[in-house]
$ cat start-v4.txt   # compact mmCIF, C-alpha atoms
# COMPACT_ATOMS: atom_id res chain seq x y z
CA MET A 1 63.11 -41.76 113.95
CA ASN A 2 61.76 -38.24 113.54
CA LYS A 3 64.53 -35.67 113.94
CA LYS A 4 62.59 -32.43 114.37
CA VAL A 5 64.27 -30.11 116.86
CA ILE A 6 62.68 -27.16 118.69
CA THR A 7 64.77 -24.42 120.30
CA PHE A 8 63.42 -21.58 122.47
CA GLY A 9 65.00 -18.31 123.55
CA GLU A 10 65.96 -14.79 122.57
CA ILE A 11 67.45 -13.67 119.28
CA MET A 12 69.09 -10.26 119.24
CA LEU A 13 70.41 -7.68 116.85
CA ARG A 14 74.21 -7.94 117.03
CA LEU A 15 76.14 -4.70 116.44
CA ALA A 16 79.86 -5.42 116.19
CA THR A 17 82.71 -2.98 115.74
CA PRO A 18 84.50 -3.58 112.41
CA GLY A 19 87.66 -5.66 112.67
CA TYR A 20 89.36 -5.22 116.02
CA LEU A 21 88.24 -1.61 116.66
CA ARG A 22 87.38 -0.60 120.19
CA PHE A 23 83.97 0.89 120.97
CA SER A 24 85.60 4.31 121.35
CA GLN A 25 87.06 4.05 117.83
CA ALA A 26 84.04 2.79 115.92
CA HIS A 27 82.02 5.06 113.63
CA SER A 28 79.92 2.21 112.24
CA TYR A 29 78.80 -1.25 113.33
CA ASP A 30 78.27 -4.49 111.43
CA ALA A 31 74.67 -5.62 111.94
CA THR A 32 73.76 -9.30 112.11
CA PHE A 33 71.50 -11.40 114.34
CA GLY A 34 72.30 -14.02 116.95
CA GLY A 35 71.38 -15.66 120.21
CA GLY A 36 72.17 -18.95 121.90
CA GLU A 37 69.16 -21.04 120.91
CA ALA A 38 68.81 -19.45 117.46
CA ASN A 39 72.48 -20.24 116.81
CA VAL A 40 71.81 -23.89 117.61
CA ALA A 41 68.80 -23.92 115.29
CA VAL A 42 70.86 -22.50 112.40
CA SER A 43 73.55 -25.16 112.89
CA LEU A 44 70.99 -27.96 112.82
CA ALA A 45 69.21 -26.53 109.78
CA ASN A 46 72.58 -26.35 107.99
CA TYR A 47 73.03 -30.04 108.74
CA GLY A 48 69.68 -30.79 107.12
CA LEU A 49 67.49 -31.32 110.17
CA ASP A 50 63.93 -30.03 110.50
CA THR A 51 64.33 -27.17 112.96
CA GLU A 52 61.95 -24.63 114.53
CA PHE A 53 63.02 -21.61 116.58
CA VAL A 54 60.46 -20.27 119.06
CA THR A 55 60.62 -16.76 120.48
CA ARG A 56 58.59 -13.55 120.85
CA LEU A 57 59.31 -10.56 118.65
CA PRO A 58 57.67 -7.17 118.24
CA VAL A 59 55.84 -6.03 115.15
CA ASN A 60 58.42 -3.81 113.46
CA ASP A 61 60.92 -3.81 110.61
CA ILE A 62 63.87 -5.00 112.72
CA ALA A 63 61.90 -8.05 113.80
CA GLU A 64 60.95 -8.71 110.18
CA ALA A 65 64.63 -8.56 109.16
CA CYS A 66 65.42 -11.00 111.95
CA ILE A 67 62.76 -13.45 110.78
CA LYS A 68 64.01 -13.18 107.19
CA SER A 69 67.53 -13.95 108.39
CA LEU A 70 66.32 -17.12 110.12
CA ARG A 71 64.31 -18.16 107.07
CA SER A 72 67.36 -17.67 104.86
CA HIS A 73 69.09 -20.40 106.89
CA ASN A 74 66.09 -22.77 106.60
CA VAL A 75 65.08 -22.36 110.24
CA GLY A 76 61.34 -22.71 110.86
CA VAL A 77 59.70 -19.56 112.22
CA ARG A 78 55.99 -20.39 112.19
CA HIS A 79 55.76 -20.61 115.98
CA ILE A 80 57.34 -17.21 116.63
CA ILE A 81 54.71 -15.12 118.42
CA ARG A 82 54.46 -11.36 118.00
CA GLY A 83 54.09 -8.68 120.65
CA GLY A 84 56.04 -6.57 123.08
CA GLU A 85 58.10 -3.47 122.45
CA ARG A 86 61.55 -4.27 121.10
CA VAL A 87 64.24 -6.59 119.80
CA GLY A 88 67.14 -6.93 122.22
CA ILE A 89 70.56 -5.69 121.10
CA TYR A 90 74.09 -6.62 122.00
CA PHE A 91 77.23 -4.71 121.12
CA LEU A 92 80.45 -6.63 120.49
CA GLU A 93 84.04 -5.43 120.62
CA THR A 94 86.33 -8.20 119.39
CA GLY A 95 89.48 -8.63 121.46
CA ALA A 96 92.97 -9.40 120.24
CA VAL A 97 95.93 -11.15 121.84
CA SER A 98 95.97 -9.98 125.50
CA ARG A 99 92.87 -7.76 125.17
CA ALA A 100 89.66 -9.65 125.84
CA SER A 101 86.49 -9.25 123.81
CA LYS A 102 83.70 -7.20 125.38
CA VAL A 103 79.93 -7.49 125.15
CA VAL A 104 77.49 -4.74 126.17
CA TYR A 105 73.83 -5.75 126.40
CA ASP A 106 70.87 -3.52 125.56
CA ARG A 107 68.08 -6.02 125.97
CA ALA A 108 66.04 -4.87 128.99
CA GLY A 109 62.33 -4.96 128.24
CA SER A 110 62.72 -7.00 125.07
CA SER A 111 59.69 -8.86 123.75
CA ILE A 112 60.88 -12.25 124.99
CA ALA A 113 61.62 -10.84 128.46
CA THR A 114 57.94 -9.89 128.78
CA VAL A 115 56.55 -13.20 127.49
CA GLU A 116 53.90 -14.76 129.75
CA LYS A 117 52.75 -18.30 130.47
CA GLY A 118 49.97 -19.36 128.14
CA MET A 119 51.12 -17.19 125.22
CA ILE A 120 52.86 -20.09 123.44
CA ASP A 121 50.89 -23.21 122.51
CA TRP A 122 53.52 -25.80 123.42
CA GLN A 123 51.31 -28.69 122.33
CA ALA A 124 51.26 -27.25 118.82
CA VAL A 125 54.97 -26.37 118.93
CA PHE A 126 55.97 -29.90 119.94
CA ASP A 127 53.74 -31.68 117.41
CA GLY A 128 56.02 -34.13 115.60
CA ALA A 129 59.13 -33.00 117.51
CA SER A 130 61.71 -35.33 119.00
CA TRP A 131 64.02 -32.83 120.73
CA PHE A 132 63.71 -29.57 122.70
CA HIS A 133 66.66 -27.31 123.52
CA TRP A 134 66.94 -24.28 125.80
CA THR A 135 69.79 -22.44 127.52
CA GLY A 136 70.37 -20.76 130.86
CA ILE A 137 70.23 -17.36 129.15
CA THR A 138 66.44 -17.46 128.78
CA PRO A 139 65.49 -17.86 132.47
CA ALA A 140 68.04 -15.15 133.30
CA LEU A 141 66.05 -12.54 131.38
CA SER A 142 63.01 -12.27 133.66
CA GLN A 143 60.79 -14.22 136.03
CA SER A 144 58.16 -14.57 133.33
CA ALA A 145 60.70 -15.87 130.79
CA ALA A 146 61.85 -18.42 133.38
CA ASP A 147 58.23 -19.44 133.97
CA VAL A 148 57.60 -19.96 130.25
CA CYS A 149 60.82 -21.93 129.90
CA LEU A 150 59.72 -24.23 132.73
CA GLU A 151 56.30 -24.51 131.08
CA ALA A 152 58.06 -25.71 127.91
CA VAL A 153 60.29 -28.20 129.72
CA LYS A 154 57.33 -29.74 131.53
CA ALA A 155 55.32 -29.99 128.31
CA ALA A 156 58.25 -31.67 126.55
CA ASN A 157 58.71 -34.09 129.46
CA ALA A 158 55.02 -35.02 129.36
CA LEU A 159 55.29 -35.78 125.63
CA GLY A 160 58.44 -37.91 125.99
CA ILE A 161 60.57 -35.46 124.02
CA THR A 162 64.32 -35.40 124.71
CA VAL A 163 65.25 -32.16 126.50
CA SER A 164 68.72 -30.63 126.38
CA CYS A 165 70.12 -27.52 127.99
CA ASP A 166 73.28 -25.47 127.83
CA LEU A 167 73.76 -24.02 131.30
CA ASN A 168 75.24 -20.82 129.80
CA TYR A 169 75.71 -18.83 132.99
CA ARG A 170 75.80 -15.06 132.33
CA LYS A 171 76.33 -13.14 135.57
CA ASN A 172 75.39 -9.81 133.99
CA LEU A 173 71.89 -11.02 133.10
CA TRP A 174 70.58 -12.23 136.46
CA ARG A 175 69.16 -8.88 137.60
CA TYR A 176 65.49 -9.43 138.47
CA GLY A 177 65.90 -10.48 142.10
CA LEU A 178 66.46 -14.22 141.86
CA SER A 179 69.80 -15.95 141.32
CA ALA A 180 70.65 -18.71 138.88
CA SER A 181 71.08 -21.05 141.84
CA GLU A 182 67.46 -20.42 142.83
CA VAL A 183 65.87 -20.70 139.37
CA MET A 184 67.91 -23.21 137.38
CA PRO A 185 67.54 -26.44 139.42
CA ALA A 186 63.82 -26.84 138.67
CA LEU A 187 64.52 -26.41 134.96
CA VAL A 188 67.57 -28.67 134.82
CA GLU A 189 65.69 -31.43 136.64
CA GLY A 190 63.70 -31.94 133.42
CA CYS A 191 66.76 -32.34 131.19
CA ASP A 192 68.08 -35.52 129.59
CA ILE A 193 71.24 -33.94 128.13
CA ILE A 194 73.23 -31.21 129.93
CA LEU A 195 76.08 -29.15 128.49
CA GLY A 196 78.24 -26.84 130.55
CA ASN A 197 81.74 -25.70 131.33
CA GLU A 198 83.62 -25.43 134.59
CA GLU A 199 82.28 -21.92 135.34
CA ASP A 200 78.64 -22.83 134.62
CA CYS A 201 78.65 -25.80 136.98
CA GLU A 202 80.45 -23.92 139.74
CA LYS A 203 78.55 -20.62 139.58
CA VAL A 204 75.09 -22.18 139.30
CA PHE A 205 75.38 -25.38 141.34
CA GLY A 206 78.62 -25.05 143.31
CA ILE A 207 80.05 -28.08 141.49
CA LYS A 208 83.67 -27.83 140.37
CA PRO A 209 86.78 -29.90 139.62
CA LEU A 210 89.41 -29.82 142.31
CA ASP A 211 92.41 -27.48 141.98
CA PHE A 212 91.35 -25.98 138.64
CA ASP A 213 91.64 -22.34 137.54
CA ALA A 214 90.42 -21.61 133.99
CA SER A 215 92.38 -18.35 133.86
CA ALA A 216 95.65 -20.17 134.50
CA THR A 217 95.40 -22.97 131.95
CA GLY A 218 97.94 -21.58 129.50
CA GLY A 219 95.92 -23.41 126.89
CA GLU A 220 96.23 -26.81 128.58
CA VAL A 221 93.10 -28.36 130.09
CA GLN A 222 93.10 -31.94 131.36
CA ALA A 223 89.87 -33.72 130.46
CA ALA A 224 90.05 -36.21 133.33
CA GLU A 225 89.75 -33.35 135.84
CA PHE A 226 86.12 -32.96 134.79
CA GLU A 227 84.93 -36.51 135.38
CA SER A 228 84.07 -35.54 138.95
CA VAL A 229 81.99 -32.61 137.67
CA CYS A 230 80.01 -34.93 135.40
CA LYS A 231 79.43 -37.47 138.17
CA GLN A 232 78.27 -34.76 140.59
CA MET A 233 75.87 -33.28 138.03
CA ILE A 234 74.28 -36.64 137.17
CA SER A 235 73.99 -37.46 140.86
CA ARG A 236 72.20 -34.16 141.47
CA PHE A 237 69.98 -34.45 138.38
CA PRO A 238 69.19 -38.16 137.96
CA ARG A 239 67.09 -37.66 134.82
CA CYS A 240 70.27 -36.63 133.00
CA ARG A 241 71.58 -39.41 130.75
CA LYS A 242 74.60 -37.59 129.34
CA MET A 243 76.66 -34.77 130.83
CA ILE A 244 78.99 -32.91 128.50
CA VAL A 245 81.68 -30.40 129.44
CA THR A 246 83.46 -28.17 126.93
CA LEU A 247 87.17 -27.65 127.54
CA ARG A 248 88.54 -24.31 126.43
CA GLY A 249 92.15 -23.45 127.16
CA SER A 250 92.92 -19.79 126.57
CA VAL A 251 96.42 -18.88 125.40
CA ASN A 252 95.16 -15.44 124.40
CA ALA A 253 92.11 -13.86 122.71
CA ASN A 254 93.18 -15.16 119.28
CA HIS A 255 94.59 -18.54 120.30
CA ASN A 256 92.58 -21.16 122.19
CA THR A 257 92.67 -24.92 122.60
CA TRP A 258 89.30 -26.61 122.30
CA GLY A 259 87.87 -29.99 123.20
CA GLY A 260 85.22 -31.72 125.24
CA VAL A 261 84.23 -34.70 127.35
CA LEU A 262 81.01 -36.69 127.46
CA TYR A 263 80.04 -38.74 130.50
CA SER A 264 77.36 -41.42 130.18
CA ASP A 265 76.80 -44.88 131.66
CA GLU A 266 79.71 -44.32 134.06
CA THR A 267 82.09 -43.87 131.12
CA LEU A 268 84.02 -40.74 130.19
CA LYS A 269 84.55 -40.12 126.48
CA GLN A 270 87.25 -37.60 125.50
CA SER A 271 87.57 -35.72 122.23
CA LYS A 272 90.59 -34.77 120.22
CA ARG A 273 92.04 -31.42 121.28
CA TYR A 274 92.17 -28.72 118.62
CA ASP A 275 94.69 -25.90 118.62
CA ILE A 276 92.87 -22.85 117.20
CA THR A 277 95.62 -20.36 116.51
CA HIS A 278 93.83 -17.60 114.58
CA ILE A 279 90.30 -17.10 115.88
CA VAL A 280 88.01 -15.14 113.55
CA ASP A 281 85.00 -15.04 115.91
CA ARG A 282 84.52 -17.10 119.06
CA VAL A 283 81.02 -15.80 119.84
CA GLY A 284 78.62 -18.70 119.38
CA GLY A 285 81.37 -21.28 119.91
CA GLY A 286 79.44 -23.11 122.62
CA ASP A 287 76.23 -22.95 120.61
CA SER A 288 77.96 -24.48 117.60
CA PHE A 289 79.19 -27.26 119.89
CA MET A 290 75.63 -27.86 121.08
CA GLY A 291 74.29 -27.87 117.53
CA GLY A 292 76.92 -30.40 116.54
CA LEU A 293 76.21 -32.50 119.61
CA ILE A 294 72.46 -32.66 119.00
CA TYR A 295 73.08 -33.59 115.38
CA GLY A 296 75.60 -36.22 116.43
CA LEU A 297 73.40 -37.78 119.10
CA LEU A 298 70.45 -37.95 116.67
CA THR A 299 72.53 -39.20 113.74
CA TYR A 300 74.80 -41.66 115.60
CA PRO A 301 72.54 -42.74 118.53
CA ALA A 302 74.74 -45.70 119.41
CA ASP A 303 78.07 -43.88 119.14
CA ASP A 304 78.64 -41.20 121.80
CA GLN A 305 82.29 -40.86 120.80
CA ARG A 306 81.41 -39.94 117.23
CA ALA A 307 78.72 -37.52 118.41
CA LEU A 308 81.25 -35.82 120.70
CA ASP A 309 83.89 -35.70 117.98
CA PHE A 310 81.41 -34.16 115.55
CA ALA A 311 80.45 -31.48 118.10
CA VAL A 312 84.06 -30.51 118.81
CA ALA A 313 85.03 -30.42 115.13
CA ALA A 314 81.95 -28.37 114.23
CA SER A 315 82.73 -25.87 116.96
CA CYS A 316 86.38 -25.72 115.98
CA LEU A 317 85.27 -24.66 112.49
CA LYS A 318 82.87 -22.05 113.95
CA HIS A 319 85.88 -20.15 115.31
CA THR A 320 86.76 -19.44 111.66
CA VAL A 321 83.32 -18.04 110.75
CA TYR A 322 82.29 -14.43 111.36
CA GLY A 323 78.98 -13.86 113.14
CA ASP A 324 76.99 -15.88 115.65
CA PHE A 325 75.88 -18.57 113.20
CA ASN A 326 78.00 -21.62 112.33
CA LEU A 327 77.71 -21.73 108.55
CA VAL A 328 79.48 -25.03 107.90
CA THR A 329 78.31 -28.27 106.33
CA VAL A 330 78.29 -31.86 107.53
CA ALA A 331 80.92 -32.69 104.91
CA GLU A 332 83.25 -29.94 106.16
CA VAL A 333 82.91 -31.14 109.75
CA GLU A 334 83.52 -34.75 108.77
CA ASN A 335 86.61 -33.77 106.77
CA LEU A 336 88.05 -32.10 109.85
CA MET A 337 87.18 -35.15 111.94
CA LYS A 338 89.23 -37.21 109.48
CA GLY A 339 92.20 -34.93 110.04
CA ASP A 340 91.97 -32.54 107.09
CA GLY A 341 92.68 -29.22 108.77
CA SER A 342 95.01 -27.90 106.10
CA GLY A 343 92.68 -25.15 104.88
CA ARG A 344 93.78 -25.74 101.29
CA VAL A 345 91.60 -24.28 98.56
CA VAL A 346 88.88 -26.68 97.39
CA ARG A 347 88.68 -26.48 93.57

$ encode --input "start-v4.txt" --output "structure tokens"
Amino acid sequence: MNKKVITFGEIMLRLATPGYLRFSQAHSYDATFGGGEANVAVSLANYGLDTEFVTRLPVNDIAEACIKSLRSHNVGVRHIIRGGERVGIYFLETGAVSRASKVVYDRAGSSIATVEKGMIDWQAVFDGASWFHWTGITPALSQSAADVCLEAVKAANALGITVSCDLNYRKNLWRYGLSASEVMPALVEGCDIILGNEEDCEKVFGIKPLDFDASATGGEVQAAEFESVCKQMISRFPRCRKMIVTLRGSVNANHNTWGGVLYSDETLKQSKRYDITHIVDRVGGGDSFMGGLIYGLLTYPADDQRALDFAVAASCLKHTVYGDFNLVTVAEVENLMKGDGSGRVVR
């Protein structure tokens, strides 16, 4: 089976304060690149899959640096189209203990936000592809970005390509006059695999587990509470074959528990729960889960449990890696799946 994966969305310049400095303390910023769908593409390329990231970037030196960064991780860039005015930016202040991390976006009017239907040749993009992935961030950017995303989903559906989405609800992005609840259903209807968390499902579709408050978990999240969420989502979107929910319990900004559930064929699979006590960087944690999940579902098509376990272990390791991208190998993920979390030096 061909395992070529296409992802589509925005990649941004990430400007992060050094260490745990607050914005008001910083005199310099660490510059890297990142974005939900690009992060997934980097994960998959690291695992050895043929991966293409599709976006729209301007013609300037920052965009060139971004493309070089993607190429350095073996992500295909030949379907990136050029045009528009700017690369979006996000500023990151990393939280510690009781102080939460903060993100400030500067992405209005970015090249991908002004993309139009017909600009991307989806037939050419999907030639030889077996999987297409998008996230709820892209349709939040603008009406035209939502239209192009729907154009892509429909083209993938027509070609029989598996479509996955990460609901990725970002309340601060939906600013162009339509809500996620109005835009997302038409897109999600074309998806075979759906990933979300309790907030995504509730804020976008009004679907939630009973008597659950993410802010009051104390690090403990019961997987069985989310079976009802999965059943409701599959009932609402009958094309969906597998519904996956990530389970993050927050003790504080540096200490989280992490796991997931996968619901398919009326069966709920649960992962091991990891206790992540010293988080280096949690940005991109969900994307690293999605990258691991896609790899797992393609590599172990008859073993949903192994695919889920791979996704959770891969994402657990991402919390130890600085930047948006999950720069870990299949062997490292599999070692953690086997129980080797000692962190001992490999000589």

$ closest_residue --input "start-v4.txt" --among "A:Glu189, A:Ala302, A:Ile279, A:Cys316" --to "Leu247 in chain A" --atoms "all atoms listed in the file"
A:Cys316

$ closest_residue --input "start-v4.txt" --among "A:Lys272, A:Tyr322, A:Ala26, A:His79" --to "Gln123 in chain A" --atoms "only C-alpha atoms"
A:His79

$ residues_around --input "start-v4.txt" --residues "Gly88 in chain A" --least-positions-apart "6" --cutoff "8 Å" --atoms "only C-alpha atoms" --output "number ranges by chain"
A: 10-13, 105-111

$ atom_distance --input "start-v4.txt" --atom1 "CA of Glu151 in chain A" --atom2 "CA of Asp61 in chain A"
29.5 Å

$ residues_around --input "start-v4.txt" --residues "Trp174 in chain A" --least-positions-apart "2" --cutoff "6 Å" --atoms "all atoms listed in the file" --output "short mmCIF file (atom, residue, chain, number, x, y, z; two decimals) with C-alpha atoms, in the coordinates of the input"
data_model
loop_
_atom_site.label_atom_id
_atom_site.label_comp_id
_atom_site.auth_asym_id
_atom_site.auth_seq_id
_atom_site.Cartn_x
_atom_site.Cartn_y
_atom_site.Cartn_z
CA ALA A 140 68.04 -15.15 133.30
CA LYS A 171 76.33 -13.14 135.57
CA ASN A 172 75.39 -9.81 133.99
#

$ closest_residue --input "start-v4.txt" --among "A:Leu327, A:Val188, A:Cys240, A:Ile161" --to "Tyr263 in chain A" --atoms "all atoms listed in the file"
A:Cys240

$ residues_around --input "start-v4.txt" --residues "Val204 in chain A" --least-positions-apart "6" --cutoff "9 Å" --atoms "all atoms listed in the file" --output "MDAnalysis selection string"
chainID A and resid 167 169 179:182 184:185

$ residues_around --input "start-v4.txt" --residues "Gly190 in chain A" --least-positions-apart "5" --cutoff "8 Å" --atoms "all atoms listed in the file" --output "list in words"
Val153, Lys154, Asn157, Val163 and Arg239 of chain A

$ residues_around --input "start-v4.txt" --residues "Lys117 in chain A" --least-positions-apart "3" --cutoff "9 Å" --atoms "all atoms listed in the file" --output "VMD selection string"
chain A and resid 120 144 to 145 147 to 149 151

$ closest_residue --input "start-v4.txt" --among "A:Glu266, A:Asp287, A:Glu202, A:Asp275" --to "Gly249 in chain A" --atoms "only C-alpha atoms"
A:Asp275

$ atom_distance --input "start-v4.txt" --atom1 "CA of Gly160 in chain A" --atom2 "CA of Ile112 in chain A"
25.8 Å

$ atom_distance --input "start-v4.txt" --atom1 "CA of Ile294 in chain A" --atom2 "CA of Trp131 in chain A"
8.6 Å

$ closest_residue --input "start-v4.txt" --among "A:Ile276, A:Ala155, A:Leu317, A:Val54" --to "His255 in chain A" --atoms "only C-alpha atoms"
A:Ile276

$ closest_atom_pairs --input "start-v4.txt" --of "range 72-186 of chain A" --to "range 29-45 of chain A" --cutoff "7 Å" --atoms "all atoms listed in the file" --output "JSON lines"
{"residue": "A:His73", "atom": "CA", "partner": "A:Val42", "partner_atom": "CA", "distance": 6.2}
{"residue": "A:Asn74", "atom": "CA", "partner": "A:Ala45", "partner_atom": "CA", "distance": 5.8}
{"residue": "A:Val75", "atom": "CA", "partner": "A:Ala45", "partner_atom": "CA", "distance": 5.9}
{"residue": "A:Trp134", "atom": "CA", "partner": "A:Glu37", "partner_atom": "CA", "distance": 6.3}
{"residue": "A:Thr135", "atom": "CA", "partner": "A:Glu37", "partner_atom": "CA", "distance": 6.8}

$ closest_residue --input "start-v4.txt" --among "A:Trp258, A:Ala113, A:Gly118, A:Cys191" --to "Tyr176 in chain A" --atoms "all atoms listed in the file"
A:Ala113

$ build_atoms --input "start-v4.txt" --residues "range 85-96 of chain A" --atoms "N, CA, C and O atoms" --output "PDB file, in the frame of the given file"
ATOM      1  N   GLU A  85      57.651  -4.780 122.903  1.00  0.00           N
ATOM      2  CA  GLU A  85      58.100  -3.470 122.450  1.00  0.00           C
ATOM      3  C   GLU A  85      59.349  -3.467 121.574  1.00  0.00           C
ATOM      4  O   GLU A  85      59.517  -2.598 120.739  1.00  0.00           O
ATOM      5  N   ARG A  86      60.263  -4.448 121.788  1.00  0.00           N
ATOM      6  CA  ARG A  86      61.550  -4.270 121.100  1.00  0.00           C
ATOM      7  C   ARG A  86      62.320  -5.570 120.940  1.00  0.00           C
ATOM      8  O   ARG A  86      62.093  -6.547 121.653  1.00  0.00           O
ATOM      9  N   VAL A  87      63.246  -5.534 119.968  1.00  0.00           N
ATOM     10  CA  VAL A  87      64.240  -6.590 119.800  1.00  0.00           C
ATOM     11  C   VAL A  87      65.442  -6.229 120.657  1.00  0.00           C
ATOM     12  O   VAL A  87      65.894  -5.085 120.643  1.00  0.00           O
ATOM     13  N   GLY A  88      65.940  -7.182 121.422  1.00  0.00           N
ATOM     14  CA  GLY A  88      67.140  -6.930 122.220  1.00  0.00           C
ATOM     15  C   GLY A  88      68.351  -6.707 121.317  1.00  0.00           C
ATOM     16  O   GLY A  88      68.397  -7.174 120.176  1.00  0.00           O
ATOM     17  N   ILE A  89      69.334  -6.001 121.841  1.00  0.00           N
ATOM     18  CA  ILE A  89      70.560  -5.690 121.100  1.00  0.00           C
ATOM     19  C   ILE A  89      71.763  -6.079 121.943  1.00  0.00           C
ATOM     20  O   ILE A  89      71.729  -5.956 123.174  1.00  0.00           O
ATOM     21  N   TYR A  90      72.816  -6.560 121.294  1.00  0.00           N
ATOM     22  CA  TYR A  90      74.090  -6.620 122.000  1.00  0.00           C
ATOM     23  C   TYR A  90      75.195  -6.057 121.126  1.00  0.00           C
ATOM     24  O   TYR A  90      75.206  -6.213 119.912  1.00  0.00           O
ATOM     25  N   PHE A  91      76.090  -5.330 121.779  1.00  0.00           N
ATOM     26  CA  PHE A  91      77.230  -4.710 121.120  1.00  0.00           C
ATOM     27  C   PHE A  91      78.465  -5.549 121.394  1.00  0.00           C
ATOM     28  O   PHE A  91      78.698  -5.972 122.533  1.00  0.00           O
ATOM     29  N   LEU A  92      79.270  -5.784 120.357  1.00  0.00           N
ATOM     30  CA  LEU A  92      80.450  -6.630 120.490  1.00  0.00           C
ATOM     31  C   LEU A  92      81.703  -5.882 120.058  1.00  0.00           C
ATOM     32  O   LEU A  92      81.755  -5.293 118.976  1.00  0.00           O
ATOM     33  N   GLU A  93      82.700  -5.911 120.937  1.00  0.00           N
ATOM     34  CA  GLU A  93      84.040  -5.430 120.620  1.00  0.00           C
ATOM     35  C   GLU A  93      84.952  -6.645 120.636  1.00  0.00           C
ATOM     36  O   GLU A  93      85.125  -7.286 121.672  1.00  0.00           O
ATOM     37  N   THR A  94      85.520  -7.000 119.489  1.00  0.00           N
ATOM     38  CA  THR A  94      86.330  -8.200 119.390  1.00  0.00           C
ATOM     39  C   THR A  94      87.739  -7.949 119.918  1.00  0.00           C
ATOM     40  O   THR A  94      88.415  -7.018 119.472  1.00  0.00           O
ATOM     41  N   GLY A  95      88.156  -8.771 120.859  1.00  0.00           N
ATOM     42  CA  GLY A  95      89.480  -8.630 121.460  1.00  0.00           C
ATOM     43  C   GLY A  95      90.573  -9.178 120.572  1.00  0.00           C
ATOM     44  O   GLY A  95      90.326  -9.839 119.565  1.00  0.00           O
ATOM     45  N   ALA A  96      91.810  -8.907 120.968  1.00  0.00           N
ATOM     46  CA  ALA A  96      92.970  -9.400 120.240  1.00  0.00           C
ATOM     47  C   ALA A  96      94.111  -9.641 121.212  1.00  0.00           C
ATOM     48  O   ALA A  96      94.365  -8.833 122.103  1.00  0.00           O
TER      49      ALA A  96
END
